[in-house]
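Printed here is my_file-v8.pdb (PDB, C-alpha atoms):
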```pdb
ATOM      1  CA  MET P   1     -34.735 165.297-110.718
ATOM      2  CA  ILE P   2     -32.602 168.264-111.651
ATOM      3  CA  LEU P   3     -33.172 171.345-113.790
ATOM      4  CA  ALA P   4     -30.129 171.663-116.042
ATOM      5  CA  PRO P   5     -28.099 174.859-116.394
ATOM      6  CA  MET P   6     -29.514 176.740-119.402
ATOM      7  CA  VAL P   7     -28.421 180.176-120.552
ATOM      8  CA  ARG P   8     -31.345 182.649-120.637
ATOM      9  CA  VAL P   9     -33.786 179.900-119.582
ATOM     10  CA  GLY P  10     -32.712 178.882-116.079
ATOM     11  CA  THR P  11     -33.415 182.257-114.490
ATOM     12  CA  LEU P  12     -35.427 182.713-111.298
ATOM     13  CA  PRO P  13     -38.970 182.216-112.705
ATOM     14  CA  MET P  14     -38.063 178.903-114.350
ATOM     15  CA  ARG P  15     -36.193 177.672-111.298
ATOM     16  CA  LEU P  16     -39.030 178.491-108.910
ATOM     17  CA  MET P  17     -41.564 176.759-111.145
ATOM     18  CA  ALA P  18     -39.324 173.698-111.491
ATOM     19  CA  LEU P  19     -39.083 173.414-107.711
ATOM     20  CA  LYS P  20     -42.826 173.904-107.322
ATOM     21  CA  TYR P  21     -43.526 171.111-109.802
ATOM     22  CA  GLY P  22     -41.159 168.634-108.189
ATOM     23  CA  ALA P  23     -37.527 169.235-109.139
ATOM     24  CA  ASP P  24     -35.127 168.387-106.320
ATOM     25  CA  ILE P  25     -32.249 170.609-107.466
ATOM     26  CA  VAL P  26     -32.049 173.545-109.864
ATOM     27  CA  TYR P  27     -28.983 174.928-111.625
ATOM     28  CA  SER P  28     -28.426 178.539-112.549
ATOM     29  CA  PRO P  29     -27.403 179.452-116.088
ATOM     30  CA  GLU P  30     -23.646 179.334-116.543
ATOM     31  CA  THR P  31     -22.113 182.455-115.029
ATOM     32  CA  VAL P  32     -18.619 183.456-116.110
ATOM     33  CA  ASP P  33     -16.099 183.936-113.294
ATOM     34  CA  ARG P  34     -15.105 187.529-114.081
ATOM     35  CA  ARG P  35     -18.734 188.627-114.332
ATOM     36  CA  LEU P  36     -19.534 187.167-110.924
ATOM     37  CA  ILE P  37     -16.419 188.679-109.373
ATOM     38  CA  LYS P  38     -17.540 192.110-110.580
ATOM     39  CA  SER P  39     -21.018 191.670-109.111
ATOM     40  CA  LYS P  40     -22.240 193.187-105.868
ATOM     41  CA  ARG P  41     -24.651 191.434-103.513
ATOM     42  CA  VAL P  42     -27.811 193.487-103.007
ATOM     43  CA  VAL P  43     -30.748 192.605-100.766
ATOM     44  CA  ASN P  44     -33.823 193.469-102.818
ATOM     45  CA  GLU P  45     -36.406 194.333-100.181
ATOM     46  CA  THR P  46     -39.099 194.987-102.784
ATOM     47  CA  LEU P  47     -38.904 191.545-104.388
ATOM     48  CA  GLY P  48     -37.664 189.608-101.377
ATOM     49  CA  THR P  49     -34.642 188.373-103.321
ATOM     50  CA  ILE P  50     -30.870 188.455-103.235
ATOM     51  CA  ASP P  51     -29.564 190.175-106.357
ATOM     52  CA  TYR P  52     -26.061 190.077-107.754
ATOM     53  CA  VAL P  53     -25.606 193.207-109.826
ATOM     54  CA  CYS P  54     -22.665 193.903-112.139
ATOM     55  CA  THR P  55     -20.797 196.931-110.860
ATOM     56  CA  ASP P  56     -19.646 197.861-114.377
ATOM     57  CA  SER P  57     -22.991 197.903-116.183
ATOM     58  CA  GLY P  58     -25.536 197.902-113.373
ATOM     59  CA  SER P  59     -27.218 194.918-115.016
ATOM     60  CA  LEU P  60     -28.442 191.861-113.161
ATOM     61  CA  THR P  61     -26.057 188.911-113.026
ATOM     62  CA  LEU P  62     -28.108 186.581-110.838
ATOM     63  CA  ARG P  63     -31.326 186.848-108.834
ATOM     64  CA  ILE P  64     -31.856 184.326-106.040
ATOM     65  CA  HIS P  65     -34.930 183.669-103.917
ATOM     66  CA  PRO P  66     -34.290 182.584-100.297
ATOM     67  CA  SER P  67     -36.463 179.498-100.841
ATOM     68  CA  GLU P  68     -33.864 178.211-103.320
ATOM     69  CA  LYS P  69     -30.897 178.389-100.993
ATOM     70  CA  ASP P  70     -30.722 174.673-100.187
ATOM     71  CA  LYS P  71     -31.503 173.572-103.744
ATOM     72  CA  LEU P  72     -29.690 175.984-106.045
ATOM     73  CA  VAL P  73     -26.379 175.138-107.693
ATOM     74  CA  VAL P  74     -24.581 177.956-109.480
ATOM     75  CA  GLN P  75     -22.772 176.765-112.575
ATOM     76  CA  LEU P  76     -19.475 178.508-113.071
ATOM     77  CA  GLY P  77     -17.751 179.162-116.379
ATOM     78  CA  THR P  78     -14.027 179.407-115.732
ATOM     79  CA  GLY P  79     -10.636 178.268-116.910
ATOM     80  CA  ASP P  80      -8.587 179.557-113.997
ATOM     81  CA  PRO P  81      -8.382 178.106-110.460
ATOM     82  CA  ALA P  82      -7.851 181.435-108.702
ATOM     83  CA  LEU P  83     -10.673 183.186-110.554
ATOM     84  CA  ALA P  84     -12.941 180.192-109.943
ATOM     85  CA  VAL P  85     -12.433 180.425-106.183
ATOM     86  CA  GLN P  86     -12.823 184.203-106.184
ATOM     87  CA  ALA P  87     -16.108 183.932-108.096
ATOM     88  CA  ALA P  88     -17.457 181.057-106.004
ATOM     89  CA  LYS P  89     -16.816 182.972-102.789
ATOM     90  CA  VAL P  90     -19.086 185.767-104.003
ATOM     91  CA  VAL P  91     -22.205 183.549-103.910
ATOM     92  CA  ALA P  92     -21.226 180.685-101.611
ATOM     93  CA  ASN P  93     -23.354 181.884 -98.690
ATOM     94  CA  ASP P  94     -26.535 182.054-100.779
ATOM     95  CA  VAL P  95     -26.481 178.733-102.658
ATOM     96  CA  ALA P  96     -26.257 174.996-102.066
ATOM     97  CA  GLY P  97     -23.363 174.223-104.389
ATOM     98  CA  ILE P  98     -21.016 175.270-107.183
ATOM     99  CA  ASP P  99     -20.745 173.363-110.458
ATOM    100  CA  LEU P 100     -17.799 173.626-112.836
ATOM    101  CA  ASN P 101     -18.937 173.717-116.448
ATOM    102  CA  CYS P 102     -16.772 171.261-118.379
ATOM    103  CA  GLY P 103     -19.268 170.554-121.141
ATOM    104  CA  CYS P 104     -20.334 173.709-122.989
ATOM    105  CA  PRO P 105     -19.226 173.339-126.626
ATOM    106  CA  LYS P 106     -19.971 176.905-127.721
ATOM    107  CA  ARG P 107     -17.189 178.956-129.263
ATOM    108  CA  PHE P 108     -17.180 181.583-126.508
ATOM    109  CA  SER P 109     -16.352 178.924-123.928
ATOM    110  CA  LEU P 110     -13.814 177.108-126.075
ATOM    111  CA  VAL P 111     -11.745 180.163-126.993
ATOM    112  CA  SER P 112     -11.732 181.208-123.325
ATOM    113  CA  SER P 113     -10.431 177.803-122.168
ATOM    114  CA  MET P 114     -13.729 177.143-120.411
ATOM    115  CA  GLY P 115     -16.518 174.605-120.798
ATOM    116  CA  ALA P 116     -15.717 171.660-123.040
ATOM    117  CA  ALA P 117     -12.213 173.065-123.658
ATOM    118  CA  LEU P 118     -11.344 171.735-120.199
ATOM    119  CA  LEU P 119     -11.896 168.184-121.461
ATOM    120  CA  ASP P 120      -8.817 168.659-123.647
ATOM    121  CA  ASP P 121      -6.819 169.992-120.707
ATOM    122  CA  PRO P 122      -7.578 167.640-117.817
ATOM    123  CA  GLU P 123      -4.787 168.980-115.620
ATOM    124  CA  ARG P 124      -6.339 172.436-115.741
ATOM    125  CA  LEU P 125      -9.801 170.933-115.083
ATOM    126  CA  LEU P 126      -8.560 168.965-112.092
ATOM    127  CA  GLY P 127      -6.609 171.938-110.784
ATOM    128  CA  ILE P 128      -9.727 174.101-110.748
ATOM    129  CA  LEU P 129     -11.728 171.440-108.925
ATOM    130  CA  LYS P 130      -9.014 170.852-106.328
ATOM    131  CA  LYS P 131      -8.821 174.561-105.605
ATOM    132  CA  LEU P 132     -12.603 174.879-105.305
ATOM    133  CA  VAL P 133     -12.913 171.854-103.026
ATOM    134  CA  ALA P 134     -10.103 173.128-100.809
ATOM    135  CA  GLU P 135     -11.378 176.684-100.413
ATOM    136  CA  ILE P 136     -15.162 176.684-100.852
ATOM    137  CA  PRO P 137     -17.208 175.362 -97.894
ATOM    138  CA  ILE P 138     -20.161 174.058 -99.923
ATOM    139  CA  PRO P 139     -20.391 171.034-102.259
ATOM    140  CA  ILE P 140     -18.552 171.221-105.568
ATOM    141  CA  THR P 141     -19.688 169.286-108.641
ATOM    142  CA  CYS P 142     -18.832 169.297-112.330
ATOM    143  CA  LYS P 143     -20.527 168.455-115.606
ATOM    144  CA  ILE P 144     -18.646 166.802-118.459
ATOM    145  CA  ARG P 145     -19.197 165.282-121.893
ATOM    146  CA  LEU P 146     -17.961 162.017-123.367
ATOM    147  CA  LEU P 147     -14.349 161.785-124.466
ATOM    148  CA  PRO P 148     -13.635 160.458-127.977
ATOM    149  CA  ALA P 149     -11.852 157.159-128.462
ATOM    150  CA  THR P 150      -8.166 157.072-129.370
ATOM    151  CA  ALA P 151      -6.075 154.408-131.073
ATOM    152  CA  THR P 152      -5.508 152.733-127.716
ATOM    153  CA  GLU P 153      -8.541 153.617-125.566
ATOM    154  CA  THR P 154     -12.295 153.465-126.046
ATOM    155  CA  THR P 155     -14.664 156.275-125.245
ATOM    156  CA  ILE P 156     -15.831 154.406-122.158
ATOM    157  CA  GLU P 157     -12.282 153.832-120.918
ATOM    158  CA  ARG P 158     -11.234 157.448-121.405
ATOM    159  CA  THR P 159     -14.383 158.866-119.848
ATOM    160  CA  ILE P 160     -14.181 156.533-116.848
ATOM    161  CA  ASP P 161     -10.535 157.457-116.306
ATOM    162  CA  LEU P 162     -11.433 161.153-116.258
ATOM    163  CA  MET P 163     -14.388 160.565-113.949
ATOM    164  CA  GLN P 164     -12.200 158.678-111.492
ATOM    165  CA  ARG P 165      -9.597 161.428-111.524
ATOM    166  CA  ILE P 166     -12.362 163.986-110.945
ATOM    167  CA  GLU P 167     -13.720 161.945-108.041
ATOM    168  CA  ARG P 168     -10.322 162.048-106.363
ATOM    169  CA  THR P 169     -10.459 165.855-106.236
ATOM    170  CA  GLY P 170     -13.228 165.572-103.644
ATOM    171  CA  VAL P 171     -16.248 166.690-105.675
ATOM    172  CA  GLN P 172     -19.685 165.521-104.544
ATOM    173  CA  ALA P 173     -21.160 164.462-107.901
ATOM    174  CA  ILE P 174     -20.398 164.294-111.629
ATOM    175  CA  GLY P 175     -22.896 165.167-114.328
ATOM    176  CA  VAL P 176     -22.413 163.394-117.650
ATOM    177  CA  HIS P 177     -23.941 164.705-120.854
ATOM    178  CA  CYS P 178     -24.058 161.672-123.129
ATOM    179  CA  ARG P 179     -22.738 163.471-126.211
ATOM    180  CA  PHE P 180     -19.305 164.364-127.501
ATOM    181  CA  LYS P 181     -18.010 167.932-127.656
ATOM    182  CA  GLU P 182     -18.701 168.152-131.393
ATOM    183  CA  GLU P 183     -22.274 166.893-131.117
ATOM    184  CA  ARG P 184     -25.323 169.117-130.852
ATOM    185  CA  PRO P 185     -28.872 168.561-129.543
ATOM    186  CA  ARG P 186     -30.042 167.338-132.964
ATOM    187  CA  ASP P 187     -27.556 164.446-132.694
ATOM    188  CA  PRO P 188     -28.932 161.489-130.709
ATOM    189  CA  GLY P 189     -27.497 161.052-127.242
ATOM    190  CA  HIS P 190     -25.565 157.890-126.394
ATOM    191  CA  TRP P 191     -27.588 156.361-123.599
ATOM    192  CA  GLU P 192     -25.598 153.139-123.872
ATOM    193  CA  VAL P 193     -22.693 154.751-122.002
ATOM    194  CA  PHE P 194     -24.661 155.242-118.811
ATOM    195  CA  GLY P 195     -24.497 151.578-117.800
ATOM    196  CA  PRO P 196     -20.703 151.358-117.450
ATOM    197  CA  LEU P 197     -20.322 154.967-116.331
ATOM    198  CA  SER P 198     -22.884 154.565-113.530
ATOM    199  CA  THR P 199     -20.582 152.239-111.590
ATOM    200  CA  ALA P 200     -17.285 153.929-112.453
ATOM    201  CA  VAL P 201     -17.199 156.090-109.319
ATOM    202  CA  SER P 202     -18.611 155.967-105.804
ATOM    203  CA  ILE P 203     -20.151 159.461-105.900
ATOM    204  CA  PRO P 204     -23.478 160.165-107.654
ATOM    205  CA  VAL P 205     -23.458 160.235-111.441
ATOM    206  CA  ILE P 206     -26.058 162.584-112.914
ATOM    207  CA  ALA P 207     -27.377 161.474-116.286
ATOM    208  CA  ASN P 208     -28.032 164.202-118.856
ATOM    209  CA  GLY P 209     -29.026 164.078-122.504
ATOM    210  CA  ASP P 210     -32.283 163.189-124.298
ATOM    211  CA  ILE P 211     -34.216 162.708-121.057
ATOM    212  CA  TYR P 212     -37.687 164.047-121.759
ATOM    213  CA  SER P 213     -40.051 162.466-119.246
ATOM    214  CA  VAL P 214     -40.575 160.575-116.016
ATOM    215  CA  ALA P 215     -40.816 157.461-118.193
ATOM    216  CA  ASP P 216     -37.331 158.120-119.580
ATOM    217  CA  MET P 217     -35.963 158.468-116.059
ATOM    218  CA  LYS P 218     -37.579 155.210-114.979
ATOM    219  CA  LYS P 219     -36.185 153.448-118.044
ATOM    220  CA  LEU P 220     -32.650 154.672-117.331
ATOM    221  CA  ALA P 221     -32.946 153.856-113.649
ATOM    222  CA  GLU P 222     -34.037 150.299-114.402
ATOM    223  CA  SER P 223     -31.352 149.702-117.022
ATOM    224  CA  THR P 224     -28.408 151.379-115.296
ATOM    225  CA  GLY P 225     -29.155 151.818-111.590
ATOM    226  CA  LEU P 226     -28.748 155.574-111.897
ATOM    227  CA  LYS P 227     -30.738 157.687-109.443
ATOM    228  CA  SER P 228     -30.006 161.254-110.564
ATOM    229  CA  PHE P 229     -31.327 162.782-113.781
ATOM    230  CA  MET P 230     -30.818 166.228-115.282
ATOM    231  CA  LEU P 231     -33.375 167.595-117.741
ATOM    232  CA  ALA P 232     -32.859 170.511-120.115
ATOM    233  CA  ARG P 233     -34.994 170.690-123.245
ATOM    234  CA  ALA P 234     -37.997 168.999-121.641
ATOM    235  CA  PRO P 235     -38.496 171.665-118.933
ATOM    236  CA  GLN P 236     -37.506 174.342-121.413
ATOM    237  CA  TYR P 237     -40.591 173.342-123.414
ATOM    238  CA  ASN P 238     -42.854 172.525-120.442
ATOM    239  CA  VAL P 239     -41.448 172.847-116.943
ATOM    240  CA  SER P 240     -44.340 170.838-115.488
ATOM    241  CA  VAL P 241     -42.418 167.764-116.716
ATOM    242  CA  PHE P 242     -41.242 167.486-113.103
ATOM    243  CA  ARG P 243     -44.805 166.830-111.865
ATOM    244  CA  PRO P 244     -45.346 163.207-110.760
ATOM    245  CA  GLU P 245     -48.942 163.556-111.980
ATOM    246  CA  GLY P 246     -47.883 164.460-115.519
ATOM    247  CA  LEU P 247     -47.735 167.496-117.776
ATOM    248  CA  LEU P 248     -50.019 170.463-117.417
ATOM    249  CA  PRO P 249     -51.496 172.179-120.509
ATOM    250  CA  ILE P 250     -48.865 174.445-122.033
ATOM    251  CA  ARG P 251     -51.094 177.534-121.953
ATOM    252  CA  GLN P 252     -51.527 177.103-118.199
ATOM    253  CA  VAL P 253     -47.762 176.761-117.735
ATOM    254  CA  MET P 254     -47.065 179.812-119.896
ATOM    255  CA  GLU P 255     -49.556 181.894-117.951
ATOM    256  CA  GLU P 256     -47.986 180.920-114.652
ATOM    257  CA  TYR P 257     -44.505 181.566-116.023
ATOM    258  CA  THR P 258     -45.597 185.052-117.107
ATOM    259  CA  ARG P 259     -47.078 185.824-113.689
ATOM    260  CA  THR P 260     -43.897 184.636-111.982
ATOM    261  CA  ALA P 261     -41.691 186.637-114.347
ATOM    262  CA  ILE P 262     -43.700 189.789-113.626
ATOM    263  CA  LEU P 263     -43.673 189.126-109.874
ATOM    264  CA  TYR P 264     -39.867 188.912-109.834
ATOM    265  CA  ASP P 265     -39.254 191.715-112.335
ATOM    266  CA  MET P 266     -37.711 189.527-115.024
ATOM    267  CA  PRO P 267     -36.712 191.634-118.056
ATOM    268  CA  PHE P 268     -39.410 191.216-120.677
ATOM    269  CA  HIS P 269     -37.043 190.227-123.476
ATOM    270  CA  ASN P 270     -35.835 187.279-121.423
ATOM    271  CA  ALA P 271     -39.334 186.135-120.490
ATOM    272  CA  LYS P 272     -40.454 186.483-124.111
ATOM    273  CA  TYR P 273     -37.557 184.319-125.245
ATOM    274  CA  CYS P 274     -38.621 181.554-122.839
ATOM    275  CA  LEU P 275     -42.299 181.816-123.795
ATOM    276  CA  LEU P 276     -41.439 181.475-127.482
ATOM    277  CA  LEU P 277     -39.507 178.304-126.688
ATOM    278  CA  MET P 278     -42.504 176.893-124.823
ATOM    279  CA  TRP P 279     -45.091 177.373-127.554
ATOM    280  CA  PRO P 280     -45.273 174.086-129.533
ATOM    281  CA  SER P 281     -45.448 174.208-133.323
ATOM    282  CA  SER P 282     -48.299 171.696-133.164
ATOM    283  CA  GLU P 283     -50.469 174.425-131.608
ATOM    284  CA  GLY P 284     -50.161 176.611-134.676
ATOM    285  CA  LYS P 285     -48.097 179.618-135.643
ATOM    286  CA  GLU P 286     -50.674 182.402-135.289
ATOM    287  CA  PHE P 287     -50.237 182.783-131.510
ATOM    288  CA  ARG P 288     -46.469 182.456-131.828
ATOM    289  CA  GLU P 289     -46.354 185.234-134.404
ATOM    290  CA  THR P 290     -48.478 187.455-132.154
ATOM    291  CA  LEU P 291     -46.205 186.691-129.199
ATOM    292  CA  ALA P 292     -43.132 187.479-131.275
ATOM    293  CA  ARG P 293     -44.473 190.972-131.959
ATOM    294  CA  THR P 294     -45.071 191.838-128.304
ATOM    295  CA  LYS P 295     -42.781 194.370-126.646
ATOM    296  CA  SER P 296     -44.045 194.427-123.067
ATOM    297  CA  TYR P 297     -45.845 192.375-120.430
ATOM    298  CA  ALA P 298     -48.878 194.609-120.892
ATOM    299  CA  GLN P 299     -49.263 193.349-124.453
ATOM    300  CA  LEU P 300     -49.480 189.763-123.228
ATOM    301  CA  ARG P 301     -52.724 190.404-121.352
TER
END
```

Is it possible to give me this structure as structure tokens?
Amino acid sequence: MILAPMVRVGTLPMRLMALKYGADIVYSPETVDRRLIKSKRVVNETLGTIDYVCTDSGSLTLRIHPSEKDKLVVQLGTGDPALAVQAAKVVANDVAGIDLNCGCPKRFSLVSSMGAALLDDPERLLGILKKLVAEIPIPITCKIRLLPATATETTIERTIDLMQRIERTGVQAIGVHCRFKEERPRDPGHWEVFGPLSTAVSIPVIANGDIYSVADMKKLAESTGLKSFMLARAPQYNVSVFRPEGLLPIRQVMEEYTRTAILYDMPFHNAKYCLLLMWPSSEGKEFRETLARTKSYAQLR
């Protein structure tokens, strides 16, 4: 079970809670190559963490706890092989792996030739992976989306061809988000692709998209033979989804998240953003409105 890379959500408190509840691997939020290159490694004696701090702004790029080292994959946003290697070298000694983001459909990534833009430029995508595999001494993975059909090839055929080309670069696993570049979370994922894609390569295929529970993972495992599953929205709403025993009450999870965020000095605005995502509409809007008005951790008590 894997915590997906999520901007603003997959910071240290969420990752530590995911691991505590049963996740096997956690991904950092996507970090852009140039930002990481400009970041300095700082041992934070007060918090017991390794901090990567931007030398331009002094702001925090990435905070890592030593207990994550063997389970944390940093997802890299890049469109350039040389910059990718330079950025990966910055954190390689503190993490378990580097993932190339080939699936983000947001405009920032697309106009920068990163994320899902790489799906339209496979030679660039493959070139980045080859360079990373050759020069970075830890496992390299990548995460893609489905490729659209053409007049001569189906979606399955095109996606399998890309996966096989990616495998030949020497990566250790391929994550597949079962949506197309143009599709958004409100559009249903295409679980039917996982059957043929699961046997397309000899390395692990990580299923991603509309996986909300242990039951969903069991269903996919039984129908496809897949063994690796990446969850995003489910842990975003309640990170105890990774517990074999089942979900904990959301208030309990939110309280623990808040304590963890305070313990590791997470900026309040980021923690507040995550807490607002966790609060379910079914529980009523009064608490949510109160939470939205808070401006500090002290006001949460």

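CA of Leu248 in chain P sits 16.8 Å away from CA of Cys274 in chain P.
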
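Applied to the file shown here, the PyMOL selection byres ((chain P and resi 48-58) around 10) selects the residues Leu12, Arg35, Leu36, Ile37, Lys38, Ser39, Lys40, Arg41, Val42, Val43, Asn44, Glu45, Thr46, Leu47, Ser59, Leu60, Thr61, Leu62, Arg63, Ile64, His65, Pro66, Ser67, Val90, Val91, Asp94 and Tyr264 of chain P.
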
(request) Work out how far CA of Val241 in chain P is from CA of Leu291 in chain P, in Å to one decimal. (result)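 Taking CA of Leu291 in chain P and CA of Val241 in chain P, their separation equals 23.0 Å.
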
(request) Could you tell me which of P:Glu153, P:Glu183, P:Asp33, P:Glu68 comes closest to Leu19 in chain P if we count all atoms listed in the file? (result) P:Glu68

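When all atoms listed in the file are used to measure the gap to Ala200 in chain P, the shortest distance among P:Met163, P:Val214, P:Ala292, P:Ala221 belongs to P:Met163.
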
(request) Report the distance between CA of Ile2 in chain P and CA of Asp80 in chain P in Å, rounded to one decimal place. (result)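 Separating CA of Ile2 in chain P from CA of Asp80 in chain P is a distance of 26.6 Å.
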
(request) Could you list the residues chosen by the PyMOL selection byres ((chain P and resi 190-199) around 8) in this structure as a ChimeraX atom specification? (result) /P:156,159-160,178-179,188-189,200-202,205,207,209,223-226

(message) Once the PyMOL selection byres ((chain P and resi 71) around 6) has been evaluated on this model, what residues remain selected, and can you format them as a list in words?
(response)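 This file gives the following for the PyMOL selection byres ((chain P and resi 71) around 6): Ile25, Glu68, Lys69, Asp70, Leu72 and Ala96 of chain P.
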
Do you know which residues are at most 12 Å from Ile140 in chain P counting all atoms listed in the file, after dropping those on the same chain fewer than 4 positions away, and could you put them as a JSON list (two decimals) with C-alpha atoms, keeping the file's coordinate frame?
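Okay, out.json is ready:
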```
[["chain", "number", "residue", "atom", "x", "y", "z"],
["P", 73, "VAL", "CA", -26.38, 175.14, -107.69],
["P", 74, "VAL", "CA", -24.58, 177.96, -109.48],
["P", 75, "GLN", "CA", -22.77, 176.76, -112.58],
["P", 76, "LEU", "CA", -19.48, 178.51, -113.07],
["P", 84, "ALA", "CA", -12.94, 180.19, -109.94],
["P", 85, "VAL", "CA", -12.43, 180.42, -106.18],
["P", 88, "ALA", "CA", -17.46, 181.06, -106.00],
["P", 92, "ALA", "CA", -21.23, 180.68, -101.61],
["P", 95, "VAL", "CA", -26.48, 178.73, -102.66],
["P", 96, "ALA", "CA", -26.26, 175.00, -102.07],
["P", 97, "GLY", "CA", -23.36, 174.22, -104.39],
["P", 98, "ILE", "CA", -21.02, 175.27, -107.18],
["P", 99, "ASP", "CA", -20.74, 173.36, -110.46],
["P", 100, "LEU", "CA", -17.80, 173.63, -112.84],
["P", 101, "ASN", "CA", -18.94, 173.72, -116.45],
["P", 128, "ILE", "CA", -9.73, 174.10, -110.75],
["P", 129, "LEU", "CA", -11.73, 171.44, -108.92],
["P", 130, "LYS", "CA", -9.01, 170.85, -106.33],
["P", 131, "LYS", "CA", -8.82, 174.56, -105.60],
["P", 132, "LEU", "CA", -12.60, 174.88, -105.30],
["P", 133, "VAL", "CA", -12.91, 171.85, -103.03],
["P", 134, "ALA", "CA", -10.10, 173.13, -100.81],
["P", 135, "GLU", "CA", -11.38, 176.68, -100.41],
["P", 136, "ILE", "CA", -15.16, 176.68, -100.85],
["P", 166, "ILE", "CA", -12.36, 163.99, -110.94],
["P", 167, "GLU", "CA", -13.72, 161.94, -108.04],
["P", 169, "THR", "CA", -10.46, 165.86, -106.24],
["P", 170, "GLY", "CA", -13.23, 165.57, -103.64],
["P", 171, "VAL", "CA", -16.25, 166.69, -105.68],
["P", 172, "GLN", "CA", -19.68, 165.52, -104.54],
["P", 173, "ALA", "CA", -21.16, 164.46, -107.90],
["P", 174, "ILE", "CA", -20.40, 164.29, -111.63],
["P", 175, "GLY", "CA", -22.90, 165.17, -114.33],
["P", 203, "ILE", "CA", -20.15, 159.46, -105.90]]
```

(message) So, with only C-alpha atoms as the atoms that count, which of P:Leu3, P:Ile144, P:Met278, P:Leu16 lies closest to Arg259 in chain P?
(response) P:Leu16

(request) May I have the residues at most 12 Å from (-42.5, 170.9, -123.4) in the file's coordinates, counting all atoms listed in the file, as JSON, numbers by chain? (result) {"P": [211, 212, 213, 231, 232, 233, 234, 235, 236, 237, 238, 239, 240, 241, 242, 246, 247, 248, 249, 250, 251, 253, 254, 274, 275, 276, 277, 278, 279, 280, 281, 282, 283]}

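Of the residues under consideration (P:Met217, P:Gln252, P:Thr11, P:Glu30), P:Glu30 shows the shortest atom-to-atom contact distance to Cys142 in chain P when counting only C-alpha atoms.
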
(request) Name the closest residue to Ala271 in chain P among the candidates P:Phe229, P:Phe180, P:Tyr297, P:Phe287; distances are taken between atoms, counting only C-alpha atoms. (result) P:Tyr297

(request) Using only C-alpha atoms, find the one residue out of P:Asn93, P:Lys106, P:Val26, P:Thr294 that sits nearest to Arg184 in chain P. (result) P:Lys106

(request) Excluding range 115-125 of chain P and any residue of its chain fewer than 3 positions from it, enumerate the residues within 6 Å of it, using all atoms listed in the file, and give them as a list in words. (result) Asn101, Cys102, Gly103, Cys104, Pro105, Ser109, Leu110 and Ile128 of chain P
